[in-house]
There are 2 protein chains.
Amino acid sequence: MLQYVTPKKQRMGNITIKMLAKELNLSTAAISKALRDSYEISAGTKQRVQALAAKLNYIPNPYAGSLRKRKSKTIAVVIPEVADSFFSLALNGIEAVAIEKGYHALIYLTHEKAAREKAILKDLQSGRVDGVLMSVSVETDTTQHICELSNSQVPLVFFDRVCEEIDTAGITTNDFESGYNATTHLIDCGCKEIVLLSVSKSLSISSKRLEGYRQALTDHGLKNKITNTILCSDAAAKNYTLLTTMMQRRQRPDGIVATVEKLTTTIYEVCGALKINIPADVKVICFSNLSTAAILNPSLTTITQPAFEMGKAAATILFKALEKKNIHLAKESMVIPSTLIVRNSTVEKTNIFVRAKK
Amino acid sequence: MLQYVTPKKQRMGNITIKMLAKELNLSTAAISKALRDSYEISAGTKQRVQALAAKLNYIPNPYAGSLRKRKSKTIAVVIPEVADSFFSLALNGIEAVAIEKGYHALIYLTHEKAAREKAILKDLQSGRVDGVLMSVSVETDTTQHICELSNSQVPLVFFDRVCEEIDTAGITTNDFESGYNATTHLIDCGCKEIVLLSVSKSLSISSKRLEGYRQALTDHGLKNKITNTILCSDAAAKNYTLLTTMMQRRQRPDGIVATVEKLTTTIYEVCGALKINIPADVKVICFSNLSTAAILNPSLTTITQPAFEMGKAAATILFKALEKKNIHLAKESMVIPSTLIVRNSTVEKTNIFVRAKK
DNA sequence: TTTATTTACTTAACCGGTTAAGTAAATAAC
DNA sequence: GTTATTTACTTAACCGGTTAAGTAAATAAA
């Protein structure tokens with residue numbers, strides 16, 4: 001029953017409107033209109049056209065329509081990488097909305113390279129997409145390429161890593177607060193020597209999280225520690241060295257705020273190698289969407305961003321702009337709060353396993 | 001210096017070949033040829049055309065060319081989900097090759113639904129893409145929609161989850177062997193009551209891993225245990241219940257082979273809740289690409305698939321087929337082996353942290 | 001009955017490129 | 001000096017749809 005009968009040799013190209021027209025002795029215009037259920041076509045003709053189209057499995061060529069209508073029904077998603085919980089969840093949210101709206105999503109990875117980002121955005125001025133969702137790369141320190149995209153009438157919505165110089169919508173999370181809360185949590189846990197690990201100086205999220213961190217230290221009488229930050233890189237090996245040095249210095253940190261997920265592994269490995277106990281010797285909190293945070297050794301206290309929701313919100317706003325004209329995108333910006341989830345990397349082991357939710 | 005000077009109000013649409021032609025008093029054909037460096041155009045004219053194109057930031061409309069050339073320079077990637085280490089790494093590999101070849105990648109998520117998969121593949125018959133890379137959904141139990149895509153001249157390459165009824169290339173890993181090795185590893189570790197957790201009955205990878213598991217049990221005198229398998233679902237909560245029941249039954253398993261990554265969390269949580277010690281009471285090995293496997297509690301023994309390489313290989317083969325005609329795709333199939341990485345979930349804790357590689 | 005309107009189409013232009021075929025002028029061959 | 005060839009283009013068709021404008025026949029209004 002599940003067997004598939006090989007169909008008779010199919011024509012080379014696909015079925016076109018022209019073929020339907022010839023078959024039914026109608027003009028291509030009539031076919032086009034019949035398929036779009038135009039009032040100009042009689043019910044009977046519509047029936048015949050639609051029946052034949054279904055029978056021959058007619059599927060319109062999307063590019064022909066795109067050309068004429070100057071709409072591609074396609075958006076671009078430009079992100080630094082996809083092998084990252086935050087971005088893959090966000091992409092998931094974006095795709096969900098796109099599918100629902102009948103749009104297609106092109107994916108582009110910058111791998112944190114400004115040059116790649118520039119090349120991608122330049123291509124996107126071609127009319128290939130109706131709009132762009134993006135999260136800027138770590139390397140991005142100029143905005144000209146983004147400006148040029150904006151100037152060529154392509155609606156753009158940022159998510160997470162926004163570019164504030166550009167007058168458009170940005171979906172962010174409460175980075176300042178989160179940085180503040182993460183730091184305060186460590187302070188509450190008794191940390192005095194808190195270090196912040198960043199991965200960029202220019203990124204909006206980095207500087208906001210940093211500001212939150214500094215404010216928290218200031219508010220809690222640790223203002224003299226606010227320069228306790230370390231700029232990590234993209235290379236895990238480099239970071240391993242960097243963190244090893246850090247954990248061996250005279251005034252060893254007793255608290256770490258990691259502003260990016262991928263530093264988690266390195267931190268755990270360095271502490272493991274140096275026999276530094278988490279959380280007894282050093283408490284660790286990470287900005288992370290790792291699904292395995294709860295089952296790490298020890299389980300990881302996180303600031304968890306609403307990744308899926310942010311992707312969804314960004315896409316929703318973009319489509320709103322694509323559907324209605326004259327939306328001032330900048331006014332559509334949103335902030336969706338992150339959640340601080342306390343686990344064993346900042347409090348003594350209780351070994352409580354939380355029931356999987358939903 | 002990094003300041004961006006707002007450009008003079010730009011024209012509505014983009015620059016077209018027609019505009020360049022008018023400006024230079026040439027035909028559109030001449031412009032087109034000049035831009036493609038045709039021998040039919042004089043050096044001087046080419047210079048002028050290219051200079052003006054650069055000055056006005058001319059970017060060709062991709063859909064106009066696609067329509068005429070019947071090539072979209074775009075491929076589709078159809079995968080069950082993206083928030084999964086294997087697929088995001090594979091996507092990464094795919095994108096790397098696509099970019100290099102000047103192709104664009106559309107991403108489609110089936111969310112393991114056969115209906116979504118069908119709708120997507122139907123759309124892809126439109127000429128939207130030149131080729132398709134896919135990993136079938138768990139629900140897929142018929143092949144008609146895939147046959148139809150193949151029949152409409154769209155080259156298709158499977159990766160990981162192949163569909164053997166279709167005569168095309170498939171990039172897989174050594175699933176049988178991996179199932180065999182995983183099971184043998186547990187047997188070597190002393191397990192007698194080994195259970196295999198699957199997520200599908202029909203998926204090629206599932207059945208191969210299962211066969212490997214059964215062969216291993218048979219080869220080691222545990223043939224009577226080969227029906228010790230549990231079919232899990234997509235819902236974490238359901239699986240939690242399922243596994244809780246399993247771990248409470250009279251003959252409790254002392255070894256678990258989880259054939260999918262996402263079961264890891266549930267297994268750890270259930271064992272945690274029931275105070276079952278891993279690896280003392282039960283040893284666990286997972287098919288997984290989790291970057292955090294090494295820092296889990298306990299660190300996780302895995303069968304790690306070459307995800308990035310598989311994506312890369314699949315894309316490479318697809319592009320080969322797109323560039324040269326008459327490639328019999330089925331003959332291009334490849335098997336890239338997975339790696340068994342022993343960690344603390346199957347052997348007594350040694351608390352060795354391995355240095356981050358690379 | 002005559003004119004106005006509606007119905008159900010067709011014609012043709014258009015989207016923005018590519019490319020086969022044609023052509024005038026310059027250069028080469030005889 | 002005449003013909004053949006090459007150079008450097010132009011013209012026009014084409015890809016596969018959409019849509020503004022036109023039209024013949026049927027129906028409604030005057």
# chains A, B, ... in the order shown; residues from 1 in each chain; ligands from 1
>>> interface_residues(of="chain B", to="chain C", cutoff="9 Å", atoms="only C-alpha atoms (C1' of nucleotides)", output="list in words")
Thr16, Ile17, Lys18, Thr28, Ala29, Ser32, Lys33, Pro60, Asn61, Pro62, Tyr63, Ala64, Gly65, Ser66, Leu67, Arg68 and Lys69 of chain B
>>> interface_residues(of="chain A", to="chain B", cutoff="6 Å", atoms="only C-alpha atoms", output="VMD selection string")
chain A and resid 2 4 59 61 63 82 to 83 88 to 89 105 to 107 126 142 144 237 269 272 to 273 295 to 297 353 358
>>> residues_around(residues="Ile230 of chain B", least_positions_apart="4", cutoff="8 Å", atoms="only C-alpha atoms (C1' of nucleotides)", output="PyMOL selection string")
chain B and resi 195-198
>>> write_last_selection(atoms="N, CA and C atoms", output="mmCIF file, in the first residue's frame")
data_model
loop_
_atom_site.group_PDB
_atom_site.id
_atom_site.type_symbol
_atom_site.label_atom_id
_atom_site.label_comp_id
_atom_site.auth_asym_id
_atom_site.auth_seq_id
_atom_site.Cartn_x
_atom_site.Cartn_y
_atom_site.Cartn_z
ATOM 1 N N VAL B 195 19.253 -1.751 27.540
ATOM 2 C CA VAL B 195 18.055 -1.316 26.864
ATOM 3 C C VAL B 195 18.438 -0.310 25.773
ATOM 4 N N LEU B 196 17.720 -0.344 24.675
ATOM 5 C CA LEU B 196 17.970 0.619 23.610
ATOM 6 C C LEU B 196 16.778 1.560 23.501
ATOM 7 N N LEU B 197 17.066 2.843 23.529
ATOM 8 C CA LEU B 197 16.005 3.834 23.408
ATOM 9 C C LEU B 197 16.004 4.374 21.986
ATOM 10 N N SER B 198 14.870 4.234 21.343
ATOM 11 C CA SER B 198 14.769 4.696 19.967
ATOM 12 C C SER B 198 13.682 5.755 19.883
#
>>> select_by_dssp(residues="segment 81-112 of chain B", states="alpha helix (DSSP H)", output="ChimeraX atom specification")
/B:85-100
>>> interface_residues(of="chain D", to="chain B", cutoff="8 Å", atoms="only C-alpha atoms (C1' of nucleotides)", output="count of residues only")
7
>>> atom_distance(atom1="atom CA of Leu329 of chain A", atom2="atom CA of Val136 of chain A")
17.7 Å
>>> select_by_dssp(residues="segment 197-318 of chain A", states="strand (DSSP E)", output="ChimeraX atom specification")
/A:197-198,229-231,255-258,283-287,301-304
>>> closest_residue(among="A:Thr140, A:Leu186, A:Leu56, A:Pro155", to="Glu323 of chain A", atoms="only C-alpha atoms")
A:Pro155
>>> decode(residues="chain C", atoms="C-alpha atoms (C1' of nucleotides)", output="PDB file, in the first residue's frame")
ATOM      1  C1'  DT C   1     -35.517  49.642 -29.788  1.00  0.00           C
ATOM      2  C1'  DT C   2     -31.456  51.809 -28.628  1.00  0.00           C
ATOM      3  C1'  DT C   3     -27.929  52.708 -25.447  1.00  0.00           C
ATOM      4  C1'  DA C   4     -25.460  51.521 -21.079  1.00  0.00           C
ATOM      5  C1'  DT C   5     -23.495  48.189 -18.434  1.00  0.00           C
ATOM      6  C1'  DT C   6     -21.755  43.886 -17.160  1.00  0.00           C
ATOM      7  C1'  DT C   7     -19.509  39.565 -18.108  1.00  0.00           C
ATOM      8  C1'  DA C   8     -15.784  36.983 -19.602  1.00  0.00           C
ATOM      9  C1'  DC C   9     -12.540  36.992 -21.626  1.00  0.00           C
ATOM     10  C1'  DT C  10      -7.931  38.520 -24.947  1.00  0.00           C
ATOM     11  C1'  DT C  11      -3.980  41.429 -26.126  1.00  0.00           C
ATOM     12  C1'  DA C  12       0.054  43.206 -25.002  1.00  0.00           C
ATOM     13  C1'  DA C  13       3.216  45.350 -21.973  1.00  0.00           C
ATOM     14  C1'  DC C  14       6.012  44.443 -18.205  1.00  0.00           C
ATOM     15  C1'  DC C  15       9.405  42.665 -14.466  1.00  0.00           C
ATOM     16  C1'  DG C  16      15.128  42.511 -15.427  1.00  0.00           C
ATOM     17  C1'  DG C  17      17.932  40.105 -17.025  1.00  0.00           C
ATOM     18  C1'  DT C  18      20.233  36.568 -21.113  1.00  0.00           C
ATOM     19  C1'  DT C  19      21.229  35.170 -25.607  1.00  0.00           C
ATOM     20  C1'  DA C  20      20.483  33.871 -30.560  1.00  0.00           C
ATOM     21  C1'  DA C  21      20.513  36.219 -34.633  1.00  0.00           C
ATOM     22  C1'  DG C  22      21.330  40.251 -37.275  1.00  0.00           C
ATOM     23  C1'  DT C  23      24.229  44.291 -38.933  1.00  0.00           C
ATOM     24  C1'  DA C  24      27.233  48.252 -39.966  1.00  0.00           C
ATOM     25  C1'  DA C  25      31.885  49.536 -39.946  1.00  0.00           C
ATOM     26  C1'  DA C  26      36.610  48.362 -39.741  1.00  0.00           C
ATOM     27  C1'  DT C  27      40.183  45.351 -40.969  1.00  0.00           C
ATOM     28  C1'  DA C  28      42.223  41.496 -43.463  1.00  0.00           C
ATOM     29  C1'  DA C  29      42.720  38.599 -47.395  1.00  0.00           C
ATOM     30  C1'  DC C  30      43.080  37.945 -52.223  1.00  0.00           C
TER      31       DC C  30
END
